[in-house]
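In what follows, a structure is listed as structure tokens, so that the remarks can point back to it.
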Amino acid sequence: MTFHQLTRRNSLVLLAAATLACAAHADDGSAARMRQKPHPLAVPNTHPPGEVDKPELVPFVVADPRSLDGIVVDETAATLVGTWQYSTHTPPYVGLGYLHDQKSDKGQKSVTFTPTLPAAGIYEVRLAHCYNIRRSINTPITIRHADGETTFRINQQEVPEHARLFRTLGQFRFDQGRAGWLRISTEGTDGKYVIADAVQFLPVAANLRGQVVDAESGQPVAARVTIQHADGRWFFPKSAAPGGTAVDYRKDRPGSPAMHTTLSASPFVAELPPGEYVVTAERGKEYLPARMQITIDDHAQSVTLKIRRWIHMARRGWFSGDTHSHRLLAETPNLVLAEDLNLAFPLSHWVTGGRESAVVANRIQAAPNASTSTSPQAIRVDDDHWIYPRNTEYEIFGIDGQRHELGAVVIIGHKTLFDIGAPPTRPIAQRAHAEGALLDLEKHSWAWSLMTVPVMEIDLFELANNHVWPGPFQLGRWTLQMKPPYMQVETDTNGYTEWGWLDYGFQTYYALLNCGFRLQPTAGTGSGVHPVPLGFGRVYVQQPGGFTYQNWMRELKAGRSFVTTGPMLLVTVNGRPPGSIFSDAQAGAPYEVMGSIESRRQVDRIEIIVNGQLQQTLRPQSEPTSAGGYTTPLRTTVTPTGSSWIATRVFTKHPAGRVRFAHSSPVHIEVAGQPLRPRRDEVAYIVGHLEREVDRHRDVLTEGELAEFESALATYRKLLPE
């Protein structure tokens with residue numbers, strides 16, 4: 001390379017040496033800089049030698065580009081278009097300094113870095129730039145690679161993640177030689193400096209490159225990807241695109257593993273040892289999964305996993321949610337897209353100690369969720385995928401540092417930070433409801449659950465809770481002592497079976513409905529704690545007025561919904577949606593239940609529940625659809641004798657005998673003079689349980705805290721039939 005001017009070179013070398021003197025770690029920096037030649041077309045630096053705005057960042061300067069790994073192209077070897085100026089004022093940087101565009105002639109300047117790559121393959125591309133508030137927030141980057149060109153923008157005010165100097169732009173496939181390049185341009189960066197310094201190309205030891213696409217459109221889609229070796233080992237891919245995200249999930253409970261990566265809609269790469277693998281791509285409930293068997297040997301492999309929609313619920317006006325999530329807010333945008341979940345409620349606060357503030361004793365204290373600056377506003381990911389970030393769980397395991405289990409309640413959609421503890425629970429409930437939040441009975445068998453329903457005026461009941469997983473049921477002995485004898489739920493030597501646990505929840509829900517508590521069903525996975533993906537169990541809410549966060553919460557509260565772990569249950573009663581109330585109904589009038597079940601697998605049975613009793617079992621024929629699913633018609637008549645509620649539940653056939661179900665919200669029928677009455681065995685069990693709870697808490701809770709249990713007990717006693 002030729003010199004631009006001898007004086008320019010001398011001034012830059014002197015300035016570099018002066019700056020380097022500030023860096024105690026750079027023993028041979030001066031020699032390295034003396035060997036470098038500034039770009040002949042660049043304007044010299046104008047800052048005095050040694051003048052820097054952030055002396056504490058001088059140690060991050062890399063004096064010799066040759067000391068870096070991989071293939072490094074410094075600005076001295078780049079192709080310049082337009083006038084660029086050297087500077088060393090803002091460390092860190094690579095080599096002699098960095099270039100900036102002087103904030104002039106915007107859109108007419110560029111810097112192109114062209115590496116000489118020794119071999120074809122996948123390379124991680126990293127860009128060096130210094131940072132401060134004077135930098136461009138939307139610098140255009142174009143990368144030419146073996147698969148075409150990729151253009152995007154970066155914020156050069158952000159701190160680069162690698163030694164405060166280099167930021168990863170993505171992983172790309174390049175041919176051998178000089179066919180690939182990276183270009184920084186200035187278009188659209190008015191008023192801020194664009195920085196050009198160095199580009200690093202790091203070979204990636206990836207022998208699998210893949211992409212998940214929609215089978216119909218061919219467009220990339222976000223998805224959950226699982227890679228498993230024939231010997232059972234799990235492997236986790238990484239995103240290979242600028243701005244792409246990959247969130248690993250590793251919950252390997254024996255017999256029920258959840259070992260996967262949720263990926264944004266971009267290519268992925270993985271480093272795999274030789275062997276046989278199964279690669280699986282899934283995306284929530286509305287897509288058919290794609291699976292491929294591959295063999296990894298000495299050659300790199302490329303796979304395209306095509307997943308196909310068998311139904312599009314949003315186009316039918318139904319939008320899904322998971323009301324109990326332990327995933328971090330920072331990773332939730334990735335998750336809602338990869339799981340095609342329309343609305344998520346990641347916990348911002350989680351307290352497990354009795355009487356402790358949910359803010360002070362927050363178990364998510366170290367996570368971004370806990371920030372007091374989190375705005376109580378729904379966060380848009382795209383038009384159909386949203387997040388509400390302020391949600392709290394009280395899950396009380398002890399009082400005053402001593403083990404004394406009470407239970408859990410999830411509050412979704414509150415506005416303020418809850419700086420109060422539980423017990424007592426009523427002040428929490430009153431504040432939550434005043435803020436438009438909903439209270440979710442996270443599980444029915446906690447010690448305090450039946451107390452909280454009347455005292456806290458619970459809104460939601462998780463028919464699919466965080467013990468419901470894709471893998472085999474594992475928690476059969478949890479709260480086994482709570483099993484009501486009258487329910488006759490199924491158990492085996494391990495405790496509850498999968499059906500036994502679900503049936504226990506169903507029957508508890510039915511008993512509370514019969515007691516007059518109009519709870520609406522919901523689903524919460526608790527993903528982040530157990531081996532279950534976000535949205536495995538989800539609640540679909542009908543949105544006749546269009547999907548918004550406010551509409552969704554309002555219709556969830558109204559019961560315009562169904563819960564599912566698989567099939568879609570589209571049902572009406574006398575033409576009205578779930579959650580409807582038939583006031584001033586006539587005794588003995590017929591009610592027509594009709595609709596359809598749309599499912600990935602054939603329907604096994606449809607059950608009509610009236611006042612908690614199985615009234616009808618239907619086994620209609622499922623017909624295949626052109627999209628790869630099944631449709632099953634439903635039409636039957638129910639004739640209640642008095643005030644009642646009617647719900648529909650459906651079960652699909654599963655090759656492993658697992659239970660996959662959907663359950664509608666109930667419709668309520670009000671007949672004057674004939675109020676709904678609970679059965680004696682239902683209320684007697686609840687009363688007996690609360691009597692035992694009052695005795696258990698007597699020497700632990702304060703008088704005011706114990707009064708909540710006594711108040712609930714009095715409420716249920718009044719419901720005991722004569």
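Labeling convention for the structure tokens: chains A, B, ... as they appear, residues from 1 per chain, ligands from 1 in order of appearance.
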
Problem - Shell of 8 Å around segment 628-644 of chain A, only C-alpha atoms, local chain residues under 6 positions omitted, as number ranges by chain - result: A: 288, 310-311, 571, 586-603, 610-611, 620-622, 668-672, 674-676

Can you tell me, as an mmCIF file with N, CA and C atoms, in the first residue's frame, what residues are no more than 8 Å from Asp604 of chain A when counting only C-alpha atoms, ignoring any on the same chain fewer than 3 positions away?
```
data_model
loop_
_atom_site.group_PDB
_atom_site.id
_atom_site.type_symbol
_atom_site.label_atom_id
_atom_site.label_comp_id
_atom_site.auth_asym_id
_atom_site.auth_seq_id
_atom_site.Cartn_x
_atom_site.Cartn_y
_atom_site.Cartn_z
ATOM 1 N N ARG A 619 -69.073 -40.132 20.100
ATOM 2 C CA ARG A 619 -67.907 -40.646 19.383
ATOM 3 C C ARG A 619 -68.121 -40.480 17.877
ATOM 4 N N VAL A 650 -63.225 -32.351 25.041
ATOM 5 C CA VAL A 650 -62.943 -33.283 23.953
ATOM 6 C C VAL A 650 -61.552 -33.866 24.147
ATOM 7 N N PHE A 651 -61.390 -35.125 23.740
ATOM 8 C CA PHE A 651 -60.108 -35.823 23.852
ATOM 9 C C PHE A 651 -59.749 -36.418 22.493
ATOM 10 N N THR A 652 -58.474 -36.323 22.134
ATOM 11 C CA THR A 652 -58.028 -36.886 20.864
ATOM 12 C C THR A 652 -57.230 -38.159 21.093
ATOM 13 N N LYS A 653 -57.164 -38.965 20.053
ATOM 14 C CA LYS A 653 -56.391 -40.199 20.109
ATOM 15 C C LYS A 653 -54.911 -39.868 20.059
#
```

Problem - Backbone DSSP call of helix (DSSP H, G or I) for segment 54-267 of chain A, listed as a count of residues only - result: 12

Exercise for the section: Write out as a list of chain:residue names each polymer residue whose atoms come within 8 Å of Leu618 of chain A, counting only C-alpha atoms; drop sequence neighbours fewer than 6 positions from it. Expected result: A:Arg605, A:Ile606, A:Glu607

Handout entry: Residues near Gln85 of chain A, cut-off 7 Å, only C-alpha atoms, skip fewer than 2 positions along chain, as number ranges by chain
Key = A: 42-45, 83, 87, 99-102

Practice task
Using only C-alpha atoms, find the one residue out of A:Phe268, A:Asp74, A:Thr280, A:Thr139 that sits nearest to Phe201 of chain A.
Solution key: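 The answer is A:Asp74, which sits nearest to Phe201 of chain A.
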
Problem - Backbone-only DSSP, strand (DSSP E) members of segment 79-231 of chain A, as a ChimeraX atom specification - result: /A:79-81,85-87,98-100,110-113,121-128,139-145,148-154,166-174,181-185,195-196,198-203,208-214,223-229

Handout entry: Contacts of Gln430 of chain A at 12 Å (only C-alpha atoms; same-chain gap of 3+ positions) as a ChimeraX atom specification
Key = /A:411,414,418,424-427,433-439,455-458
